[in-house]
$ cat upload19.cif   # mmCIF, C-alpha atoms and all ligand atoms
data_coords
#
loop_
_atom_site.group_PDB
_atom_site.id
_atom_site.type_symbol
_atom_site.label_atom_id
_atom_site.label_comp_id
_atom_site.auth_asym_id
_atom_site.auth_seq_id
_atom_site.Cartn_x
_atom_site.Cartn_y
_atom_site.Cartn_z
ATOM 1 C CA MET A 333 -6.641 -3.609 -17.663
ATOM 2 C CA ASP A 334 -5.974 0.084 -17.102
ATOM 3 C CA MET A 335 -9.649 0.863 -17.320
ATOM 4 C CA MET A 336 -10.442 -1.754 -14.702
ATOM 5 C CA THR A 337 -7.748 -0.426 -12.417
ATOM 6 C CA ASP A 338 -9.167 3.041 -12.676
ATOM 7 C CA GLN A 339 -12.478 1.885 -11.257
ATOM 8 C CA ILE A 340 -10.939 1.468 -7.818
ATOM 9 C CA THR A 341 -9.773 4.629 -6.150
ATOM 10 C CA PRO A 342 -6.330 4.319 -4.580
ATOM 11 C CA PRO A 343 -5.458 3.185 -2.030
ATOM 12 C CA GLY A 344 -8.265 0.641 -2.267
ATOM 13 C CA ARG A 345 -8.139 -1.587 0.787
ATOM 14 C CA ALA A 346 -4.570 -0.602 1.643
ATOM 15 C CA ILE A 347 -3.948 1.081 4.957
ATOM 16 C CA ILE A 348 -1.944 4.286 4.937
ATOM 17 C CA ASN A 349 -0.235 5.528 8.052
ATOM 18 C CA ARG A 350 1.936 8.548 8.624
ATOM 19 C CA CYS A 351 5.564 7.465 8.899
ATOM 20 C CA GLY A 352 6.534 7.190 12.548
ATOM 21 C CA SER A 353 10.250 7.642 11.896
ATOM 22 C CA CYS A 354 10.034 11.095 10.366
ATOM 23 C CA GLY A 355 6.623 12.143 11.667
ATOM 24 C CA GLY A 356 5.355 12.190 8.111
ATOM 25 C CA THR A 357 7.698 14.840 6.805
ATOM 26 C CA GLY A 358 9.689 12.442 4.627
ATOM 27 C CA ARG A 359 12.911 13.936 5.938
ATOM 28 C CA ALA A 360 15.468 12.684 8.432
ATOM 29 C CA GLY A 361 17.654 15.645 9.242
ATOM 30 C CA THR A 362 19.012 16.785 5.908
ATOM 31 C CA SER A 363 18.384 13.479 4.145
ATOM 32 C CA THR A 364 15.434 11.558 2.863
ATOM 33 C CA CYS A 365 13.729 9.386 5.462
ATOM 34 C CA PHE A 366 14.860 5.823 4.849
ATOM 35 C CA ASP A 367 11.768 4.171 6.287
ATOM 36 C CA CYS A 368 9.264 5.821 3.981
ATOM 37 C CA ALA A 369 11.581 6.702 1.076
ATOM 38 C CA GLY A 370 10.718 10.348 1.591
ATOM 39 C CA THR A 371 7.004 9.933 1.007
ATOM 40 C CA GLY A 372 6.059 10.578 4.636
ATOM 41 C CA TRP A 373 3.670 7.641 4.547
ATOM 42 C CA HIS A 374 3.663 3.915 4.987
ATOM 43 C CA LEU A 375 1.326 1.947 2.809
ATOM 44 C CA TRP A 376 0.296 -1.475 4.057
ATOM 45 C CA LYS A 377 -1.161 -3.522 1.276
ATOM 46 C CA ALA A 378 -4.079 -5.696 2.252
ATOM 47 C CA CYS A 379 -6.048 -8.681 1.001
ATOM 48 C CA PRO A 380 -8.232 -7.326 -1.841
ATOM 49 C CA ARG A 381 -11.223 -9.241 -0.496
ATOM 50 C CA CYS A 382 -11.190 -8.877 3.292
ATOM 51 C CA GLY A 383 -8.619 -6.144 3.902
ATOM 52 C CA ASP A 384 -6.323 -8.225 6.131
ATOM 53 C CA ILE A 385 -2.699 -7.110 5.882
ATOM 54 C CA GLY A 386 -1.487 -10.584 6.919
ATOM 55 C CA TRP A 387 -1.125 -12.002 3.418
ATOM 56 C CA ASP A 388 1.682 -14.124 2.007
ATOM 57 C CA GLY A 389 3.570 -13.874 -1.254
ATOM 58 C CA LEU A 390 3.498 -17.225 -3.037
ATOM 59 C CA GLY A 391 5.998 -16.307 -5.727
ATOM 60 C CA ASP A 392 5.247 -16.001 -9.444
ATOM 61 C CA GLY A 393 3.243 -12.848 -8.690
ATOM 62 C CA GLU A 394 0.652 -14.694 -6.650
ATOM 63 C CA TYR A 395 -0.530 -13.848 -3.172
ATOM 64 C CA ALA A 396 -2.718 -15.539 -0.614
ATOM 65 C CA CYS A 397 -4.712 -14.421 2.388
ATOM 66 C CA ARG A 398 -3.991 -17.470 4.452
ATOM 67 C CA LEU A 399 -5.059 -16.388 7.919
ATOM 68 C CA SER A 400 -8.364 -14.731 7.174
ATOM 69 C CA CYS A 401 -10.440 -15.471 4.089
ATOM 70 C CA GLY A 402 -8.155 -17.720 2.060
ATOM 71 C CA TYR A 403 -8.484 -15.595 -1.065
ATOM 72 C CA ARG A 404 -5.768 -15.915 -3.698
ATOM 73 C CA TRP A 405 -4.953 -13.205 -6.157
ATOM 74 C CA ALA A 406 -2.394 -12.288 -8.789
ATOM 75 C CA GLU A 407 -0.185 -9.249 -9.152
ATOM 76 C CA ASP A 408 -2.466 -7.807 -11.841
ATOM 77 C CA ASN A 409 -5.618 -7.994 -9.717
ATOM 78 C CA PRO A 410 -7.239 -4.548 -10.107
ATOM 79 C CA ALA A 411 -8.099 -4.330 -6.422
ATOM 80 C CA TRP A 412 -4.452 -5.054 -5.671
ATOM 81 C CA GLN A 413 -3.056 -2.654 -8.256
ATOM 82 C CA ALA A 414 -5.183 0.119 -6.761
ATOM 83 C CA GLN A 415 -3.350 -0.230 -3.479
ATOM 84 C CA ARG A 416 -0.920 2.598 -3.903
ATOM 85 C CA ARG A 417 -0.456 6.040 -2.528
ATOM 86 C CA PRO A 418 -3.235 8.293 -3.840
ATOM 87 C CA ASP A 419 -2.142 11.012 -6.209
ATOM 88 C CA GLY A 420 -1.579 14.272 -4.421
ATOM 89 C CA LEU A 421 -0.839 12.756 -1.022
ATOM 90 C CA GLN A 422 2.123 14.843 0.035
ATOM 91 C CA PRO A 423 4.504 14.563 2.999
ATOM 92 C CA TYR A 424 3.193 16.136 6.140
ATOM 93 C CA SER A 425 4.420 19.662 6.758
ATOM 94 C CA ALA A 426 3.706 21.444 9.988
HETATM 95 ZN ZN ZN B 501 9.552 8.597 7.063
HETATM 96 ZN ZN ZN B 502 -8.578 -12.052 2.968
#

$ encode --input "upload19.cif" --output "structure tokens"
Amino acid sequence: MDMMTDQITPPGRAIINRCGSCGGTGRAGTSTCFDCAGTGWHLWKACPRCGDIGWDGLGDGEYACRLSCGYRWAEDNPAWQAQRRPDGLQPYSA
């Protein structure tokens, strides 16, 4: 399974946006930004097939893209597992 996961470069179909609360710095004053857990980024996971972020959790590690393509996938789907923050993506500093 790890080898399959490695074939898809993170973040896959996920959408990554700079955190609007902290401007991407990951800091809120002297503390860690609550909204992005200090990463500076928000990652919106998307349907592995069509890329729609309007999916539903069905429980038991299953998900469904109900509004768009109707695809169903499990937690261990490689295209789903790849949807994470890419290595080396650091909080914004400037
Ligand atoms: Zn933030
Ligand atoms: Zn879909």

$ resolve_selection --input "upload19.cif" --expression "the PyMOL selection byres (((not hetatm)) within 7 of (chain B and resi 502))" --output "VMD selection string"
chain A and resid 379 to 384 397 400 to 403

$ residues_near_ligand --input "upload19.cif" --ligand "ligand ZN 501 (chain B)" --cutoff "8 Å" --atoms "all atoms listed in the file" --output "number ranges by chain"
A: 350-360, 364-374

$ write_last_selection --input "upload19.cif" --atoms "C-alpha atoms" --output "PDB file, in the frame of the given file"
ATOM      1  CA  ARG A 350       1.936   8.548   8.624  1.00  0.00           C
ATOM      2  CA  CYS A 351       5.564   7.465   8.899  1.00  0.00           C
ATOM      3  CA  GLY A 352       6.534   7.190  12.548  1.00  0.00           C
ATOM      4  CA  SER A 353      10.250   7.642  11.896  1.00  0.00           C
ATOM      5  CA  CYS A 354      10.034  11.095  10.366  1.00  0.00           C
ATOM      6  CA  GLY A 355       6.623  12.143  11.667  1.00  0.00           C
ATOM      7  CA  GLY A 356       5.355  12.190   8.111  1.00  0.00           C
ATOM      8  CA  THR A 357       7.698  14.840   6.805  1.00  0.00           C
ATOM      9  CA  GLY A 358       9.689  12.442   4.627  1.00  0.00           C
ATOM     10  CA  ARG A 359      12.911  13.936   5.938  1.00  0.00           C
ATOM     11  CA  ALA A 360      15.468  12.684   8.432  1.00  0.00           C
ATOM     12  CA  THR A 364      15.434  11.558   2.863  1.00  0.00           C
ATOM     13  CA  CYS A 365      13.729   9.386   5.462  1.00  0.00           C
ATOM     14  CA  PHE A 366      14.860   5.823   4.849  1.00  0.00           C
ATOM     15  CA  ASP A 367      11.768   4.171   6.287  1.00  0.00           C
ATOM     16  CA  CYS A 368       9.264   5.821   3.981  1.00  0.00           C
ATOM     17  CA  ALA A 369      11.581   6.702   1.076  1.00  0.00           C
ATOM     18  CA  GLY A 370      10.718  10.348   1.591  1.00  0.00           C
ATOM     19  CA  THR A 371       7.004   9.933   1.007  1.00  0.00           C
ATOM     20  CA  GLY A 372       6.059  10.578   4.636  1.00  0.00           C
ATOM     21  CA  TRP A 373       3.670   7.641   4.547  1.00  0.00           C
ATOM     22  CA  HIS A 374       3.663   3.915   4.987  1.00  0.00           C
TER      23      HIS A 374
END

$ atom_distance --input "upload19.cif" --atom1 "atom CA of Asp392 of chain A" --atom2 "atom CA of Gln339 of chain A"
25.2 Å

$ resolve_selection --input "upload19.cif" --expression "the PyMOL selection byres (((chain A and resi 417) around 8) and not hetatm)" --output "short mmCIF file (atom, residue, chain, number, x, y, z; two decimals) with C-alpha atoms, in the coordinates of the input"
data_model
loop_
_atom_site.label_atom_id
_atom_site.label_comp_id
_atom_site.auth_asym_id
_atom_site.auth_seq_id
_atom_site.Cartn_x
_atom_site.Cartn_y
_atom_site.Cartn_z
CA PRO A 342 -6.33 4.32 -4.58
CA PRO A 343 -5.46 3.18 -2.03
CA ILE A 348 -1.94 4.29 4.94
CA LEU A 375 1.33 1.95 2.81
CA GLN A 415 -3.35 -0.23 -3.48
CA ARG A 416 -0.92 2.60 -3.90
CA PRO A 418 -3.24 8.29 -3.84
CA ASP A 419 -2.14 11.01 -6.21
CA LEU A 421 -0.84 12.76 -1.02
#

$ atom_distance --input "upload19.cif" --atom1 "atom CA of Leu399 of chain A" --atom2 "atom CA of Ala378 of chain A"
12.1 Å

$ atom_distance --input "upload19.cif" --atom1 "atom CA of Tyr395 of chain A" --atom2 "atom CA of Asp408 of chain A"
10.7 Å

$ closest_residue --input "upload19.cif" --among "A:Glu407, A:Ala346, A:Ser363, A:Gln413" --to "Gly386 of chain A" --atoms "only C-alpha atoms"
A:Ala346

$ build_atoms --input "upload19.cif" --residues "segment 396-419 of chain A" --atoms "N, CA and C atoms" --output "CSV table (one decimal), in the coordinates of the input"
chain,number,residue,atom,x,y,z
A,396,ALA,N,-1.6,-14.8,-1.3
A,396,ALA,CA,-2.7,-15.5,-0.6
A,396,ALA,C,-3.0,-14.9,0.7
A,397,CYS,N,-4.3,-14.8,1.1
A,397,CYS,CA,-4.7,-14.4,2.4
A,397,CYS,C,-4.9,-15.7,3.2
A,398,ARG,N,-3.9,-16.1,3.8
A,398,ARG,CA,-4.0,-17.5,4.5
A,398,ARG,C,-4.7,-17.5,5.8
A,399,LEU,N,-4.5,-16.4,6.6
A,399,LEU,CA,-5.1,-16.4,7.9
A,399,LEU,C,-6.5,-16.1,8.0
A,400,SER,N,-7.0,-15.2,7.1
A,400,SER,CA,-8.4,-14.7,7.2
A,400,SER,C,-9.3,-15.4,6.2
A,401,CYS,N,-9.4,-15.0,5.0
A,401,CYS,CA,-10.4,-15.5,4.1
A,401,CYS,C,-10.0,-16.5,3.1
A,402,GLY,N,-8.6,-16.7,3.0
A,402,GLY,CA,-8.2,-17.7,2.1
A,402,GLY,C,-8.1,-17.3,0.6
A,403,TYR,N,-8.5,-16.1,0.3
A,403,TYR,CA,-8.5,-15.6,-1.1
A,403,TYR,C,-7.1,-15.6,-1.7
A,404,ARG,N,-7.0,-16.0,-3.0
A,404,ARG,CA,-5.8,-15.9,-3.7
A,404,ARG,C,-5.9,-14.9,-4.8
A,405,TRP,N,-4.9,-14.2,-5.1
A,405,TRP,CA,-5.0,-13.2,-6.2
A,405,TRP,C,-3.6,-13.0,-6.8
A,406,ALA,N,-3.6,-12.5,-8.0
A,406,ALA,CA,-2.4,-12.3,-8.8
A,406,ALA,C,-2.0,-10.8,-8.8
A,407,GLU,N,-0.8,-10.6,-9.2
A,407,GLU,CA,-0.2,-9.2,-9.2
A,407,GLU,C,-1.0,-8.3,-9.9
A,408,ASP,N,-1.7,-8.7,-11.0
A,408,ASP,CA,-2.5,-7.8,-11.8
A,408,ASP,C,-3.9,-7.7,-11.4
A,409,ASN,N,-4.3,-8.2,-10.2
A,409,ASN,CA,-5.6,-8.0,-9.7
A,409,ASN,C,-5.9,-6.5,-9.6
A,410,PRO,N,-7.0,-6.0,-10.2
A,410,PRO,CA,-7.2,-4.5,-10.1
A,410,PRO,C,-7.3,-4.0,-8.7
A,411,ALA,N,-7.9,-4.8,-7.8
A,411,ALA,CA,-8.1,-4.3,-6.4
A,411,ALA,C,-6.8,-4.3,-5.7
A,412,TRP,N,-5.8,-5.0,-6.2
A,412,TRP,CA,-4.5,-5.1,-5.7
A,412,TRP,C,-3.7,-3.9,-6.3
A,413,GLN,N,-3.8,-3.7,-7.6
A,413,GLN,CA,-3.1,-2.7,-8.3
A,413,GLN,C,-3.5,-1.3,-7.7
A,414,ALA,N,-4.7,-1.2,-7.3
A,414,ALA,CA,-5.2,0.1,-6.8
A,414,ALA,C,-4.6,0.5,-5.4
A,415,GLN,N,-3.9,-0.5,-4.8
A,415,GLN,CA,-3.4,-0.2,-3.5
A,415,GLN,C,-2.0,0.5,-3.6
A,416,ARG,N,-2.1,1.8,-3.8
A,416,ARG,CA,-0.9,2.6,-3.9
A,416,ARG,C,-1.3,3.9,-3.3
A,417,ARG,N,-0.2,4.7,-3.1
A,417,ARG,CA,-0.5,6.0,-2.5
A,417,ARG,C,-1.3,6.9,-3.5
A,418,PRO,N,-2.4,7.5,-3.0
A,418,PRO,CA,-3.2,8.3,-3.8
A,418,PRO,C,-2.4,9.5,-4.4
A,419,ASP,N,-2.8,9.8,-5.6
A,419,ASP,CA,-2.1,11.0,-6.2
A,419,ASP,C,-2.4,12.2,-5.3
